[in-house]
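This report refers to the structure that appears directly beneath it.
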Amino acid sequence: MRQHIQIGNLRLVVALGFVVLAWMSFRRGLVSPIWCFAPVLLFVELARRHELVIRRKARASRAVTFYERGLGRIEDRWAGQGEAGEQFRSASHPYCDDLDLFGNGGLFQLLSTARTRMGEETLADWLLVSAPLCTARSRQAAVTELRDQLDLREDLAVLGEAVGAGVHPERLRKWAEQPPVLDSRALRVASAVLPCLLVFSIVGPSSSALAWLRLAVLIAEVILGLCLRSRVKRVVGGVEHAAQDLGLLAGVLSRLEREKFQSLRLREVQKLLDTEGVPPSQKIARLQRLVEILDSRENIFMRVIGPPLLYTTQFAFAVEAWRKATGSQVGLWLDAVGELEALCSLAGYSYEHPAHSMPELCEEGPTFVCAGMGHPLLPAARCVRNDVSLGAEQRVWIVSGSNMSGKSTLLRAVGVNAILAMAGAPVCADRLRISAVVVGASIRPQDSLQGGTSRFYAEITRLRRLTDLTNTPAPLLFLLDELLHGTNSHDRRIGAEGIVKALVGRGAFGLLTTHDLALTHIAEQLVPLGLNVHFQDHIENGKITFDYQLRPGIVEKSNALELMRSIGLEV
């Protein structure tokens, strides 16, 4: 900061010195005009150094933000900081909204440290779709390797000109894969030769021949410009729309090219950058320079001399030549950057949460056996841990308990940890043994005024989707909260029993919560595959308290009346 101010003051002093020298030279004749060049050269050098200081200052500011957010995650102050991933939300997804993946305080916001849109999209895809076990294992190895590479993760965090994520991969990928619009070698040569002839006719010795040459060249340029105008406009508009934040992309690629990795997954990612000759980072940097040169056509000086030099046309041809030679590889480079950033996000989460364990991924399923499991979105000071054991011999837990006792939180903890495990990330548990699973939840069904659907209809529609998920190769891990509580008790009991039996019969396993004790008989109907467990509450000095500890058996009391009385309702 001090250098920034000092150099700024020096530039002001030098500018004033130039004014004084110019006055002394041109108005008073006291010094030679040649002395005016000294402050000009000094000003240019100071401007160059000032720019370097400004860049270092901005880089340091981004580094501070990187570590402040890291400390916020460690100290459970992270909610509201960073990207929330709202654009990835989908009401039709089988668990997206139920398990708080996106939005303020969601899982994506906790995990993501990506600097590019590719990194954010890749991480979101991993959370939305369970990976095969072999893929999850390879990600685990990569996360373990990247966990302690703090320098690499910091370098990625401070790249670019802004703190937020940049680069728009779909625009760039789509543009790069399109066929060239300008692909005529003869026209490209003509666009380069004609301006050279024009310059020669202007600077050459005055003669009638050169005058006629100049006129002929200008006519040829007008004809060529009119013929190519629409295509040049398409090229310039296309690349300006697609090629944003290329400096950030080049920086990430350059950092990835320099790193030496050990795990197979990271070596495969790096292999996507194997190209002959010039590395990808330099090719992207060249495209960035071409775009910057095209942008300079808006300069007043270039508006005057640009048209006779066919300035825009020549660089449009250069952009198209770049796309023809390199465009087919851009998609691979974007995939590599997205994968690296997603892995770095999971590695940062692992580094900041050393108590979280890497799950054991097993082939025998269905399996979800967890010890000391908590919810990763809850502050550590308020997170109560429980053990959950589901598998081939015990498929369903019926979780009973009073309101606010922790039933829904337990479902979400199971679901979020299963998602983390299938993504290749550590889990909030002392130990977790899990097989390949597909997660499906019905925790937060919503009615829709615009869609004309009730909450009950939304719930049974979701249950139909979960039933369809049992047709996938991996077993369904279902999480059902207060199943069918939008209908009468008679239909609810029959419907819930039929749905759970159908899911289990299709190879699914999971948890069902209820405060309606009539549904606890489902476990008895499924013996030995079913088990009743419950949460308790206590009345202390007229106040309801919860310990959120899971216990075997059926809950024996309800707190609904006490809760109503505690807020002043006369019941």
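Chains: A, B, ... in order of the structure tokens. Residues: from 1 per chain. Ligands: from 1, in order shown.
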
Hey, could you make a per-residue contact list for stretch 388-501 of chain A against stretch 340-343 of chain A with 10 Å as the cut-off, showing the nearest pair of atoms and its distance in Å to one decimal, counting only C-alpha atoms, sorted by chain and number, as a tab-separated table?
```
residue	atom	partner	partner_atom	distance
A:Ala423	CA	A:Leu343	CA	9.7
A:Gly424	CA	A:Leu343	CA	8.7
A:Ala425	CA	A:Leu343	CA	8.8
```

Open item on the list: I'd like the contact shell of A:Ala131 - 10 Å cut-off, only C-alpha atoms, skipping same-chain residues fewer than 5 positions apart - returned as a ChimeraX atom specification.
Closed with: /A:125-126,136-137,139,419,421-424,436-438

TODO: Rank A:Ala84, A:Gly498, A:Leu503, A:Ser400 by their smallest atom-to-atom distance to A:Asn471, using only C-alpha atoms, and report the top residue only.
DONE: A:Leu503

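The residue that comes closest to A:Val384, out of A:Glu259, A:Asp468, A:Glu221, A:Asp547 and on the basis of only C-alpha atoms, is A:Asp547.
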
Can you tell me, as a CSV table (one decimal) with N, CA and C atoms, in the first residue's frame, what residues are no more than 6 Å from A:Ser405 when counting only C-alpha atoms, ignoring any on the same chain fewer than 2 positions away?
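File produced: around_26.csv:
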```
chain,number,residue,atom,x,y,z
A,402,SER,N,-40.7,-36.8,19.1
A,402,SER,CA,-41.5,-35.6,19.2
A,402,SER,C,-41.0,-34.5,18.2
A,403,ASN,N,-41.8,-33.4,18.1
A,403,ASN,CA,-41.4,-32.3,17.2
A,403,ASN,C,-40.1,-31.7,17.7
A,535,PHE,N,-36.0,-40.5,19.2
A,535,PHE,CA,-35.4,-39.4,19.9
A,535,PHE,C,-36.3,-39.1,21.1
```

- [ ] If you run DSSP over the backbone, which residues in stretch 222-298 of chain A end up helix (DSSP H, G or I)? Put them as a PyMOL selection string.
- [x] chain A and resi 222-242+246-258+264-271+280-298

Open item on the list: Could you list, as a ChimeraX atom specification, every residue within 10 Å of A:His521, counting only C-alpha atoms and ignoring same-chain residues fewer than 3 positions away?
Closed with: /A:398,493,497,517-518,524-526,530-532,554

Generate the output file for the selected residues, C-alpha atoms, as an mmCIF file, in the first residue's frame.
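This is the output file selection-v1.cif:
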```cif
data_model
loop_
_atom_site.group_PDB
_atom_site.id
_atom_site.type_symbol
_atom_site.label_atom_id
_atom_site.label_comp_id
_atom_site.auth_asym_id
_atom_site.auth_seq_id
_atom_site.Cartn_x
_atom_site.Cartn_y
_atom_site.Cartn_z
ATOM 1 C CA ILE A 398 -38.405 -46.159 11.614
ATOM 2 C CA ARG A 493 -51.039 -46.194 7.569
ATOM 3 C CA GLU A 497 -46.758 -49.598 4.755
ATOM 4 C CA LEU A 517 -46.837 -43.929 16.405
ATOM 5 C CA ALA A 518 -49.254 -45.906 14.259
ATOM 6 C CA GLU A 524 -42.711 -55.099 13.037
ATOM 7 C CA GLN A 525 -44.111 -56.026 9.626
ATOM 8 C CA LEU A 526 -40.579 -56.085 8.192
ATOM 9 C CA GLY A 530 -37.000 -53.250 10.094
ATOM 10 C CA LEU A 531 -36.005 -51.548 13.344
ATOM 11 C CA ASN A 532 -37.621 -48.881 15.511
ATOM 12 C CA ILE A 554 -40.405 -46.435 20.027
#
```

Task: Å distance separating atom CA of A:Glu363 from atom CA of A:Gln270, one decimal place - done: 28.9 Å

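Atom CA of A:Leu21 is found 18.4 Å from atom CA of A:Asn9.
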
TODO: Extract, using only C-alpha atoms, all DNA, RNA and protein residues at most 8 Å from stretch 45-47 of chain A, discarding same-chain residues fewer than 4 positions from it, and format them as a ChimeraX atom specification.
DONE: /A:7,10-11,41,51

Task: Nearby residues (only C-alpha atoms) at most 8 Å from A:Gly391, same-chain spacing under 3 positions excluded, as a list of chain:residue names - done: A:Gly365, A:Pro366, A:Thr367, A:Phe368, A:Val369, A:Gln394, A:Arg395, A:Phe509

Open item on the list: Please list as an MDAnalysis selection string every residue within 10 Å of A:Gly85, counting only C-alpha atoms and excluding residues in the same chain fewer than 2 positions away.
Closed with: chainID A and resid 82:83 87:89 101:104 106:109 112 120:121 123:124

Please dump the current selection as a compact mmCIF listing (two decimals), in the first residue's frame; keep N, CA and C atoms.
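Here's the written file result21.txt:
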```
# COMPACT_ATOMS: atom_id res chain seq x y z
N GLY A 82 -19.06 -16.48 -0.30
CA GLY A 82 -18.77 -17.30 -1.46
C GLY A 82 -20.02 -17.61 -2.27
N GLU A 83 -19.81 -18.36 -3.35
CA GLU A 83 -20.89 -18.70 -4.26
C GLU A 83 -21.86 -19.69 -3.62
N GLN A 87 -27.83 -21.30 -9.20
CA GLN A 87 -28.13 -21.65 -10.59
C GLN A 87 -28.20 -23.16 -10.81
N PHE A 88 -27.73 -23.94 -9.85
CA PHE A 88 -27.74 -25.39 -10.01
C PHE A 88 -28.94 -26.06 -9.34
N ARG A 89 -29.78 -25.28 -8.70
CA ARG A 89 -30.94 -25.84 -8.01
C ARG A 89 -31.94 -26.39 -9.01
N LEU A 101 -28.43 -28.59 -0.72
CA LEU A 101 -27.17 -28.58 -1.47
C LEU A 101 -26.76 -27.18 -1.87
N PHE A 102 -27.74 -26.37 -2.30
CA PHE A 102 -27.43 -25.05 -2.83
C PHE A 102 -28.21 -23.98 -2.07
N GLY A 103 -27.76 -22.75 -2.25
CA GLY A 103 -28.37 -21.65 -1.53
C GLY A 103 -27.49 -21.19 -0.38
N ASN A 104 -27.89 -20.11 0.24
CA ASN A 104 -27.11 -19.56 1.35
C ASN A 104 -27.04 -20.56 2.51
N GLY A 106 -25.72 -23.53 2.22
CA GLY A 106 -25.82 -24.88 1.68
C GLY A 106 -24.47 -25.56 1.54
N LEU A 107 -24.51 -26.84 1.18
CA LEU A 107 -23.30 -27.64 1.08
C LEU A 107 -22.35 -27.09 0.02
N PHE A 108 -22.87 -26.64 -1.11
CA PHE A 108 -22.01 -26.11 -2.17
C PHE A 108 -21.23 -24.90 -1.67
N GLN A 109 -21.88 -24.02 -0.94
CA GLN A 109 -21.21 -22.83 -0.42
C GLN A 109 -20.10 -23.20 0.56
N SER A 112 -17.18 -25.03 -2.06
CA SER A 112 -16.60 -24.46 -3.28
C SER A 112 -15.58 -23.37 -3.02
N GLU A 120 -17.01 -24.70 -10.68
CA GLU A 120 -18.29 -24.72 -9.99
C GLU A 120 -19.24 -25.76 -10.60
N GLU A 121 -19.29 -25.81 -11.93
CA GLU A 121 -20.19 -26.76 -12.58
C GLU A 121 -19.78 -28.20 -12.30
N LEU A 123 -18.09 -29.37 -9.65
CA LEU A 123 -18.41 -29.68 -8.26
C LEU A 123 -19.91 -29.90 -8.09
N ALA A 124 -20.73 -29.06 -8.70
CA ALA A 124 -22.18 -29.23 -8.61
C ALA A 124 -22.62 -30.56 -9.20
```

TODO: Between A:Val416, A:Ser489, A:Gly401, A:Pro475, single out the one closest to A:Asp537, counting only C-alpha atoms.
DONE: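 Using only C-alpha atoms, A:Asp537 sits closest to A:Gly401.
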
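Distances here use only C-alpha atoms; by that measure, the residue among A:Gln6, A:Ala186, A:Trp333, A:Ala381 closest to A:Arg49 is A:Gln6.
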
- [ ] Would you list, as a count of residues only, the residues of stretch 298-439 of chain A that end up in strand (DSSP E) under DSSP run on this structure's backbone?
- [x] 26

- [ ] Could you tell me which of A:Gly72, A:Pro280, A:Gly237, A:Gly119 comes closest to A:Asp335 if we count only C-alpha atoms?
- [x]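 When distances to A:Asp335 are compared using only C-alpha atoms, the smallest one comes from A:Gly119.
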
Task: Counting only C-alpha atoms, the residue of A:Gln536, A:Arg492, A:Val129, A:Val396 that sits nearest A:Leu477 - done: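 With only C-alpha atoms as the atom set, the closest residue is A:Val396.
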
Write out as CSV the residues of stretch 158-274 of chain A that have any atom within 12 Å of an atom of stretch 313-320 of chain A, one row each with the nearest atom pair and its distance in Å to one decimal, counting only C-alpha atoms, sorted by chain and then rising number.
```
residue,atom,partner,partner_atom,distance
A:Trp175,CA,A:Glu320,CA,10.6
A:Ala176,CA,A:Glu320,CA,9.6
A:Glu177,CA,A:Glu320,CA,11.5
A:Gln178,CA,A:Glu320,CA,10.3
A:Pro179,CA,A:Glu320,CA,8.9
A:Pro180,CA,A:Glu320,CA,5.6
A:Val181,CA,A:Glu320,CA,7.1
A:Leu182,CA,A:Glu320,CA,6.2
A:Asp183,CA,A:Glu320,CA,7.2
A:Ser184,CA,A:Phe317,CA,8.9
A:Arg185,CA,A:Phe317,CA,9.2
A:Ala186,CA,A:Phe317,CA,11.2
A:Leu187,CA,A:Phe317,CA,9.0
A:Arg188,CA,A:Phe317,CA,6.4
A:Val189,CA,A:Gln314,CA,9.1
A:Ala190,CA,A:Gln314,CA,9.5
A:Ser191,CA,A:Gln314,CA,6.1
A:Ala192,CA,A:Gln314,CA,6.6
A:Val193,CA,A:Gln314,CA,10.3
A:Leu194,CA,A:Gln314,CA,10.7
A:Pro195,CA,A:Gln314,CA,9.9
A:Glu221,CA,A:Thr313,CA,10.5
A:Val222,CA,A:Thr313,CA,11.8
A:Leu224,CA,A:Thr313,CA,9.5
A:Gly225,CA,A:Thr313,CA,7.7
A:Leu226,CA,A:Thr313,CA,10.8
A:Cys227,CA,A:Thr313,CA,11.0
A:Leu228,CA,A:Thr313,CA,7.9
A:Arg229,CA,A:Thr313,CA,8.3
A:Ser230,CA,A:Thr313,CA,10.8
A:Arg231,CA,A:Ala316,CA,9.0
A:Val232,CA,A:Ala316,CA,6.1
A:Lys233,CA,A:Ala316,CA,8.6
A:Arg234,CA,A:Ala316,CA,9.3
A:Val235,CA,A:Ala316,CA,6.2
A:Val236,CA,A:Ala316,CA,6.4
A:Gly237,CA,A:Ala316,CA,10.1
A:Gly238,CA,A:Val319,CA,10.4
A:Val239,CA,A:Val319,CA,8.0
A:Glu240,CA,A:Val319,CA,10.8
A:Ala243,CA,A:Val319,CA,11.0
```

C-alpha atoms of the current selection, written as a tab-separated table (two decimals), in the first residue's frame:
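The resulting file, out-v7.tsv, is shown below:
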```tsv
chain	number	residue	atom	x	y	z
A	175	TRP	CA	-17.55	-20.97	-29.96
A	176	ALA	CA	-14.34	-23.01	-30.16
A	177	GLU	CA	-16.07	-26.06	-31.64
A	178	GLN	CA	-17.89	-24.17	-34.39
A	179	PRO	CA	-16.37	-24.29	-37.91
A	180	PRO	CA	-14.43	-21.16	-38.97
A	181	VAL	CA	-16.40	-18.40	-40.64
A	182	LEU	CA	-13.35	-16.94	-42.42
A	183	ASP	CA	-11.37	-19.80	-43.92
A	184	SER	CA	-9.98	-18.49	-47.22
A	185	ARG	CA	-6.21	-18.33	-47.45
A	186	ALA	CA	-6.39	-16.12	-50.54
A	187	LEU	CA	-8.62	-13.55	-48.83
A	188	ARG	CA	-6.39	-13.55	-45.74
A	189	VAL	CA	-3.31	-12.88	-47.89
A	190	ALA	CA	-5.19	-10.13	-49.70
A	191	SER	CA	-6.21	-8.48	-46.44
A	192	ALA	CA	-2.56	-8.40	-45.37
A	193	VAL	CA	-1.03	-7.35	-48.74
A	194	LEU	CA	-3.40	-4.52	-49.58
A	195	PRO	CA	-2.57	-2.39	-46.47
A	221	GLU	CA	-10.04	-2.54	-49.89
A	222	VAL	CA	-13.56	-1.13	-50.06
A	224	LEU	CA	-12.97	-6.60	-49.92
A	225	GLY	CA	-14.37	-4.93	-46.82
A	226	LEU	CA	-17.93	-4.97	-48.15
A	227	CYS	CA	-17.63	-8.63	-49.18
A	228	LEU	CA	-16.32	-9.70	-45.77
A	229	ARG	CA	-18.21	-7.25	-43.58
A	230	SER	CA	-20.94	-9.60	-42.33
A	231	ARG	CA	-18.52	-12.48	-41.68
A	232	VAL	CA	-16.00	-10.24	-39.90
A	233	LYS	CA	-18.81	-8.89	-37.74
A	234	ARG	CA	-19.85	-12.46	-36.83
A	235	VAL	CA	-16.27	-13.40	-35.94
A	236	VAL	CA	-15.69	-10.34	-33.76
A	237	GLY	CA	-19.06	-10.59	-32.02
A	238	GLY	CA	-18.64	-14.32	-31.41
A	239	VAL	CA	-15.18	-14.15	-29.88
A	240	GLU	CA	-16.02	-11.13	-27.72
A	243	ALA	CA	-13.71	-15.11	-24.67
```
